[in-house]
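Everything on this sheet refers to the single structure shown next.
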Amino acid sequence: MPTAVSVITAALLWAGLALPAAAQEATQETAQEVAQDESGADPAVWGPYAQWVGRTFERQGSSEYGAHRITIAWEEPGKVMVETGYLVDGKRWYTYTVVAGKQPATLTVDPKPGPKGAWNIVDAENLESNKRFGYQTTRRVTGAQTFEEATLRSGGVVDQRVYLDIASAQYQAVQEAKAVEEARKRAEAVAARRAAGVPAVESVPVPAERVLAYQEPLRGGSGMLRVTRGKTWGDGICYLAVYINDRLAARMVGGETATFRVPAGELRIGVGGDPAGRGTCSMGRGGVVEHLTPLGKGEALHVYYQLDSGLHFSEALLDPAAP
């Protein structure tokens, strides 16, 4: 039997009180795209749902309101649709069935659990929900591949968001543009970080018995990686483990440097507690902080880290001939 809290939550959800997704309670079900037969979707009965059934839409822009993805499919072709909303992490947020209402130009919505609601079909391209607690949701077809959803309170717009069909060429173009922009921003961040460089401090080599990997020449594209642990008060007591691409590469104290031959490409340099540590030095074994950075073929990179109220990383490119 649904609790009072779950019933109120469902009512608010249906009425359009789409709180930021991070505040919503999600189930553990992962979103799955389901292809459905679109036959029987009469616009006179289903309004805009006749265009949306059998499709999955994803929210565009930076809005944190509403579902991240919405899938609409036939549960019983021609009679019952089911709409499922998913959060950005792929977890299911809500599911409700949609059937033709008893009154003309209405659709009955039945969330589980929670009270039933209704969509009012304004026309073939517009829907309005019932008002609850002063909130209302509207949906409007804005193109062959898109629709707009708005949350209203007392008639005023609280938030608007656009959803785009993930099977469309437009969606693919948006994703490609995002990937290009993310790559550009990351390249700029790496360039700025390397321009800032590493502290000019003295260090000594890590003893050979504590250098554990990446000492042999590699086939294919490779580069040189130098890792230095900065000195801070008390850091000579315990070793810190250095991992390169998940492989334990060295155990270091402050003021030590080790050099490695590593594959070119994306490097994951992790620092964590010493797996061989005892007593106080056994604390923090499970936590590894990673620093991600690219390394080109033939490049030499110096990564410096320091444990001082948390781990801090810096880096700089070196002359490939540097020792």
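Residues in the structure tokens are numbered from 1 in each chain, the chains being A, B, ... in the order shown, and ligands are numbered from 1 in the order shown.
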Sorted by chain and rising residue number, list the residues of range 54-134 of chain A at most 10 Å from range 169-183 of chain A (counting only C-alpha atoms), each with its closest atom pair and distance in Å to one decimal, as a tab-separated table.
```
residue	atom	partner	partner_atom	distance
A:Phe57	CA	A:Tyr171	CA	9.4
A:Glu58	CA	A:Tyr171	CA	8.8
A:Gln60	CA	A:Val174	CA	9.2
```
Can you tell me which residues surround range 233-247 of chain A at a distance of at most 10 Å, considering only C-alpha atoms, apart from same-chain residues fewer than 4 positions away, and format the answer as an mmCIF file with N, CA, C and O atoms, in the first residue's frame?
```
data_model
loop_
_atom_site.group_PDB
_atom_site.id
_atom_site.type_symbol
_atom_site.label_atom_id
_atom_site.label_comp_id
_atom_site.auth_asym_id
_atom_site.auth_seq_id
_atom_site.Cartn_x
_atom_site.Cartn_y
_atom_site.Cartn_z
ATOM 1 N N ARG A 210 61.960 -0.057 -4.833
ATOM 2 C CA ARG A 210 60.605 0.494 -4.712
ATOM 3 C C ARG A 210 60.064 1.025 -6.040
ATOM 4 O O ARG A 210 59.003 1.633 -6.082
ATOM 5 N N VAL A 211 60.797 0.801 -7.122
ATOM 6 C CA VAL A 211 60.294 1.098 -8.468
ATOM 7 C C VAL A 211 59.840 -0.234 -9.063
ATOM 8 O O VAL A 211 60.652 -1.134 -9.280
ATOM 9 N N LEU A 212 58.549 -0.386 -9.319
ATOM 10 C CA LEU A 212 57.964 -1.710 -9.508
ATOM 11 C C LEU A 212 57.449 -1.995 -10.914
ATOM 12 O O LEU A 212 57.036 -3.129 -11.193
ATOM 13 N N ALA A 213 57.438 -1.028 -11.810
ATOM 14 C CA ALA A 213 56.867 -1.282 -13.136
ATOM 15 C C ALA A 213 57.341 -0.235 -14.135
ATOM 16 O O ALA A 213 57.899 0.795 -13.768
ATOM 17 N N TYR A 214 57.098 -0.523 -15.406
ATOM 18 C CA TYR A 214 57.353 0.388 -16.529
ATOM 19 C C TYR A 214 58.827 0.810 -16.615
ATOM 20 O O TYR A 214 59.133 1.979 -16.829
ATOM 21 N N LEU A 225 57.719 9.237 -18.565
ATOM 22 C CA LEU A 225 56.987 9.878 -17.477
ATOM 23 C C LEU A 225 57.885 9.956 -16.253
ATOM 24 O O LEU A 225 58.408 8.945 -15.789
ATOM 25 N N VAL A 227 57.812 11.113 -12.289
ATOM 26 C CA VAL A 227 56.883 11.406 -11.200
ATOM 27 C C VAL A 227 57.687 11.806 -9.972
ATOM 28 O O VAL A 227 58.616 11.095 -9.566
ATOM 29 N N ARG A 229 57.348 13.188 -5.885
ATOM 30 C CA ARG A 229 56.530 13.481 -4.707
ATOM 31 C C ARG A 229 57.165 14.642 -3.959
ATOM 32 O O ARG A 229 58.328 14.582 -3.558
ATOM 33 N N ARG A 251 56.598 3.009 -4.833
ATOM 34 C CA ARG A 251 56.248 3.414 -3.466
ATOM 35 C C ARG A 251 57.232 4.521 -3.104
ATOM 36 O O ARG A 251 58.445 4.327 -3.154
ATOM 37 N N MET A 252 56.703 5.699 -2.742
ATOM 38 C CA MET A 252 57.548 6.883 -2.644
ATOM 39 C C MET A 252 57.352 7.616 -1.325
ATOM 40 O O MET A 252 56.257 7.632 -0.759
ATOM 41 N N VAL A 253 58.445 8.261 -0.867
ATOM 42 C CA VAL A 253 58.361 9.233 0.218
ATOM 43 C C VAL A 253 58.589 10.613 -0.380
ATOM 44 O O VAL A 253 58.922 10.756 -1.559
ATOM 45 N N GLY A 254 58.404 11.646 0.438
ATOM 46 C CA GLY A 254 58.587 13.004 -0.047
ATOM 47 C C GLY A 254 60.007 13.261 -0.510
ATOM 48 O O GLY A 254 60.977 12.757 0.067
ATOM 49 N N GLY A 255 60.139 14.043 -1.582
ATOM 50 C CA GLY A 255 61.452 14.399 -2.097
ATOM 51 C C GLY A 255 62.063 13.352 -2.996
ATOM 52 O O GLY A 255 63.262 13.415 -3.287
ATOM 53 N N ALA A 258 60.814 9.228 -9.636
ATOM 54 C CA ALA A 258 60.989 7.994 -10.404
ATOM 55 C C ALA A 258 60.650 8.274 -11.860
ATOM 56 O O ALA A 258 59.811 9.133 -12.163
ATOM 57 N N PHE A 260 59.610 6.522 -15.699
ATOM 58 C CA PHE A 260 58.958 5.343 -16.265
ATOM 59 C C PHE A 260 58.857 5.476 -17.788
ATOM 60 O O PHE A 260 58.736 6.581 -18.320
ATOM 61 N N VAL A 262 56.278 4.619 -20.569
ATOM 62 C CA VAL A 262 54.842 4.333 -20.543
ATOM 63 C C VAL A 262 54.248 4.419 -21.947
ATOM 64 O O VAL A 262 54.790 5.097 -22.828
ATOM 65 N N PRO A 263 53.118 3.746 -22.178
ATOM 66 C CA PRO A 263 52.465 3.842 -23.487
ATOM 67 C C PRO A 263 51.955 5.257 -23.735
ATOM 68 O O PRO A 263 51.490 5.937 -22.820
ATOM 69 N N GLU A 266 46.199 8.282 -23.239
ATOM 70 C CA GLU A 266 45.662 8.796 -21.985
ATOM 71 C C GLU A 266 46.322 8.087 -20.808
ATOM 72 O O GLU A 266 46.298 6.858 -20.721
ATOM 73 N N LEU A 267 46.914 8.853 -19.896
ATOM 74 C CA LEU A 267 47.552 8.287 -18.709
ATOM 75 C C LEU A 267 46.677 8.536 -17.489
ATOM 76 O O LEU A 267 46.150 9.628 -17.295
ATOM 77 N N ARG A 268 46.540 7.509 -16.670
ATOM 78 C CA ARG A 268 45.871 7.641 -15.375
ATOM 79 C C ARG A 268 46.921 7.418 -14.302
ATOM 80 O O ARG A 268 47.403 6.306 -14.103
ATOM 81 N N ILE A 269 47.291 8.491 -13.630
ATOM 82 C CA ILE A 269 48.312 8.427 -12.586
ATOM 83 C C ILE A 269 47.596 8.528 -11.248
ATOM 84 O O ILE A 269 47.029 9.573 -10.907
ATOM 85 N N GLY A 270 47.596 7.436 -10.510
ATOM 86 C CA GLY A 270 46.884 7.392 -9.242
ATOM 87 C C GLY A 270 47.844 7.392 -8.069
ATOM 88 O O GLY A 270 48.938 6.824 -8.144
ATOM 89 N N VAL A 271 47.434 8.027 -6.990
ATOM 90 C CA VAL A 271 48.233 8.053 -5.762
ATOM 91 C C VAL A 271 47.331 7.637 -4.609
ATOM 92 O O VAL A 271 46.217 8.150 -4.460
ATOM 93 N N GLY A 272 47.827 6.696 -3.796
ATOM 94 C CA GLY A 272 47.037 6.220 -2.668
ATOM 95 C C GLY A 272 47.922 5.675 -1.568
ATOM 96 O O GLY A 272 49.154 5.761 -1.625
ATOM 97 N N GLY A 273 47.280 5.100 -0.549
ATOM 98 C CA GLY A 273 48.017 4.536 0.572
ATOM 99 C C GLY A 273 48.889 3.363 0.150
ATOM 100 O O GLY A 273 48.623 2.678 -0.835
ATOM 101 N N ASP A 274 49.943 3.138 0.919
ATOM 102 C CA ASP A 274 50.892 2.067 0.631
ATOM 103 C C ASP A 274 50.235 0.708 0.884
ATOM 104 O O ASP A 274 49.825 0.416 2.010
ATOM 105 N N PRO A 275 50.130 -0.160 -0.140
ATOM 106 C CA PRO A 275 49.496 -1.466 0.075
ATOM 107 C C PRO A 275 50.286 -2.366 1.018
ATOM 108 O O PRO A 275 49.739 -3.324 1.565
ATOM 109 N N ALA A 276 51.576 -2.049 1.222
ATOM 110 C CA ALA A 276 52.396 -2.844 2.137
ATOM 111 C C ALA A 276 52.566 -2.161 3.489
ATOM 112 O O ALA A 276 53.311 -2.648 4.344
ATOM 113 N N GLY A 277 51.885 -1.033 3.687
ATOM 114 C CA GLY A 277 52.041 -0.283 4.927
ATOM 115 C C GLY A 277 51.474 -1.011 6.134
ATOM 116 O O GLY A 277 50.525 -1.784 6.030
ATOM 117 N N ARG A 278 52.052 -0.736 7.294
ATOM 118 C CA ARG A 278 51.589 -1.336 8.542
ATOM 119 C C ARG A 278 51.295 -0.245 9.556
ATOM 120 O O ARG A 278 51.826 0.861 9.468
ATOM 121 N N THR A 280 50.027 2.784 11.416
ATOM 122 C CA THR A 280 49.499 4.053 10.919
ATOM 123 C C THR A 280 49.604 4.137 9.407
ATOM 124 O O THR A 280 48.738 4.715 8.740
ATOM 125 N N CYS A 281 50.635 3.553 8.836
ATOM 126 C CA CYS A 281 50.855 3.628 7.388
ATOM 127 C C CYS A 281 49.935 2.708 6.596
ATOM 128 O O CYS A 281 49.994 2.685 5.361
ATOM 129 N N SER A 282 49.099 1.921 7.279
ATOM 130 C CA SER A 282 48.134 1.080 6.567
ATOM 131 C C SER A 282 46.823 1.811 6.326
ATOM 132 O O SER A 282 45.947 1.320 5.618
ATOM 133 N N MET A 283 46.682 3.005 6.914
ATOM 134 C CA MET A 283 45.450 3.769 6.746
ATOM 135 C C MET A 283 45.373 4.344 5.336
ATOM 136 O O MET A 283 46.374 4.729 4.745
ATOM 137 N N GLY A 284 44.181 4.395 4.811
ATOM 138 C CA GLY A 284 43.969 5.003 3.506
ATOM 139 C C GLY A 284 44.355 4.137 2.335
ATOM 140 O O GLY A 284 44.516 4.622 1.219
ATOM 141 N N ARG A 285 44.502 2.818 2.573
ATOM 142 C CA ARG A 285 44.892 1.943 1.468
ATOM 143 C C ARG A 285 43.862 1.920 0.346
ATOM 144 O O ARG A 285 44.196 1.806 -0.815
ATOM 145 N N VAL A 288 42.313 5.888 -3.807
ATOM 146 C CA VAL A 288 43.305 6.315 -4.794
ATOM 147 C C VAL A 288 42.767 7.551 -5.504
ATOM 148 O O VAL A 288 41.643 7.548 -6.001
ATOM 149 N N VAL A 289 43.569 8.606 -5.539
ATOM 150 C CA VAL A 289 43.206 9.826 -6.258
ATOM 151 C C VAL A 289 43.917 9.798 -7.604
ATOM 152 O O VAL A 289 45.135 9.609 -7.667
ATOM 153 N N GLU A 290 43.156 9.975 -8.685
ATOM 154 C CA GLU A 290 43.737 9.869 -10.023
ATOM 155 C C GLU A 290 43.912 11.230 -10.684
ATOM 156 O O GLU A 290 43.099 12.131 -10.514
ATOM 157 N N HIS A 291 44.974 11.315 -11.447
ATOM 158 C CA HIS A 291 45.273 12.488 -12.278
ATOM 159 C C HIS A 291 45.318 11.997 -13.720
ATOM 160 O O HIS A 291 46.126 11.132 -14.064
ATOM 161 N N LEU A 292 44.438 12.518 -14.572
ATOM 162 C CA LEU A 292 44.366 12.092 -15.969
ATOM 163 C C LEU A 292 45.029 13.132 -16.859
ATOM 164 O O LEU A 292 44.789 14.338 -16.713
ATOM 165 N N GLN A 306 51.823 16.425 -4.366
ATOM 166 C CA GLN A 306 52.161 16.766 -2.991
ATOM 167 C C GLN A 306 50.964 16.502 -2.097
ATOM 168 O O GLN A 306 49.823 16.822 -2.455
ATOM 169 N N LEU A 307 51.220 15.882 -0.953
ATOM 170 C CA LEU A 307 50.175 15.606 0.022
ATOM 171 C C LEU A 307 50.196 16.708 1.070
ATOM 172 O O LEU A 307 51.059 16.745 1.940
ATOM 173 N N ASP A 308 49.239 17.622 0.946
ATOM 174 C CA ASP A 308 49.176 18.764 1.856
ATOM 175 C C ASP A 308 47.720 19.202 1.945
ATOM 176 O O ASP A 308 47.232 19.931 1.088
#
```
Å distance separating CA of Val98 in chain A from CA of Asp110 in chain A, one decimal place: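 About the pair CA of Val98 in chain A and CA of Asp110 in chain A: they are 6.7 Å apart.
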Those in range 21-121 of chain A with alpha helix (DSSP H) from DSSP, as a ChimeraX atom specification: /A:43-46,49-52
Print the selection's residues with all heavy atoms to a file, as a compact mmCIF listing (two decimals), in the first residue's frame.
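Full text of part_13.txt as output:
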```txt
# COMPACT_ATOMS: atom_id res chain seq x y z
N PRO A 43 -4.23 10.70 -33.77
CA PRO A 43 -4.05 12.01 -33.15
C PRO A 43 -5.32 12.54 -32.49
O PRO A 43 -5.24 13.29 -31.51
CB PRO A 43 -3.61 12.90 -34.31
CG PRO A 43 -3.02 11.96 -35.31
CD PRO A 43 -3.81 10.70 -35.19
N ALA A 44 -6.48 12.15 -33.00
CA ALA A 44 -7.73 12.62 -32.41
C ALA A 44 -7.92 12.04 -31.01
O ALA A 44 -8.60 12.64 -30.16
CB ALA A 44 -8.91 12.23 -33.30
N VAL A 45 -7.32 10.88 -30.76
CA VAL A 45 -7.44 10.22 -29.45
C VAL A 45 -6.24 10.55 -28.56
O VAL A 45 -6.40 10.83 -27.37
CB VAL A 45 -7.55 8.69 -29.62
CG1 VAL A 45 -7.56 7.99 -28.26
CG2 VAL A 45 -8.79 8.34 -30.43
N TRP A 46 -5.05 10.53 -29.16
CA TRP A 46 -3.82 10.61 -28.38
C TRP A 46 -3.15 11.98 -28.40
O TRP A 46 -2.20 12.21 -27.65
CB TRP A 46 -2.82 9.56 -28.89
CG TRP A 46 -3.32 8.16 -28.74
CD1 TRP A 46 -3.90 7.40 -29.71
CD2 TRP A 46 -3.32 7.37 -27.56
NE1 TRP A 46 -4.25 6.17 -29.21
CE2 TRP A 46 -3.90 6.12 -27.88
CE3 TRP A 46 -2.89 7.58 -26.25
CZ2 TRP A 46 -4.07 5.10 -26.96
CZ3 TRP A 46 -3.04 6.55 -25.32
CH2 TRP A 46 -3.63 5.34 -25.67
N TYR A 49 0.86 12.56 -28.33
CA TYR A 49 1.41 11.22 -28.08
C TYR A 49 1.41 10.37 -29.34
O TYR A 49 2.21 9.44 -29.46
CB TYR A 49 0.62 10.51 -26.98
CG TYR A 49 1.12 10.80 -25.58
CD1 TYR A 49 0.61 11.85 -24.85
CD2 TYR A 49 2.12 10.02 -25.01
CE1 TYR A 49 1.06 12.13 -23.56
CE2 TYR A 49 2.58 10.28 -23.72
CZ TYR A 49 2.05 11.34 -23.01
OH TYR A 49 2.51 11.61 -21.74
N ALA A 50 0.53 10.67 -30.30
CA ALA A 50 0.52 9.93 -31.56
C ALA A 50 1.84 10.10 -32.30
O ALA A 50 2.27 9.21 -33.04
CB ALA A 50 -0.64 10.40 -32.43
N GLN A 51 2.50 11.25 -32.11
CA GLN A 51 3.80 11.49 -32.74
C GLN A 51 4.96 10.94 -31.92
O GLN A 51 6.03 10.66 -32.45
CB GLN A 51 4.02 13.00 -32.94
CG GLN A 51 2.97 13.69 -33.79
CD GLN A 51 3.29 15.17 -33.97
OE1 GLN A 51 4.43 15.54 -34.24
NE2 GLN A 51 2.27 16.01 -33.81
N TRP A 52 4.76 10.82 -30.60
CA TRP A 52 5.87 10.49 -29.71
C TRP A 52 6.02 9.01 -29.40
O TRP A 52 7.09 8.57 -28.98
CB TRP A 52 5.69 11.25 -28.39
CG TRP A 52 5.67 12.73 -28.53
CD1 TRP A 52 6.24 13.47 -29.52
CD2 TRP A 52 5.02 13.66 -27.66
NE1 TRP A 52 6.00 14.81 -29.32
CE2 TRP A 52 5.26 14.97 -28.18
CE3 TRP A 52 4.28 13.55 -26.48
CZ2 TRP A 52 4.77 16.12 -27.58
CZ3 TRP A 52 3.80 14.69 -25.87
CH2 TRP A 52 4.04 15.96 -26.42
```
Two-atom distance - CA of Ile72 in chain A, CA of Gln103 in chain A (Å): 22.3 Å
Computed interatomic separation between CA of Asp319 in chain A and CA of Thr228 in chain A (Å): 16.5 Å
Long-range neighbours of range 125-135 of chain A as a ChimeraX atom specification, 6 Å cut-off, only C-alpha atoms, 3 positions minimum in chain: /A:15-16,48,118-122,138-141,152-154
Strand (DSSP E) residues, from DSSP on the backbone, in range 77-217 of chain A, as a VMD selection string: chain A and resid 80 to 86 92 to 100 106 to 111 117 to 123 126 to 129 135 to 141 146 to 153 156 to 165 204 to 205
Selection near range 313-318 of chain A, 8 Å with only C-alpha atoms, sequence-local residues under 4 positions removed, as a PyMOL selection string: chain A and resi 193-198+291+299-306+322
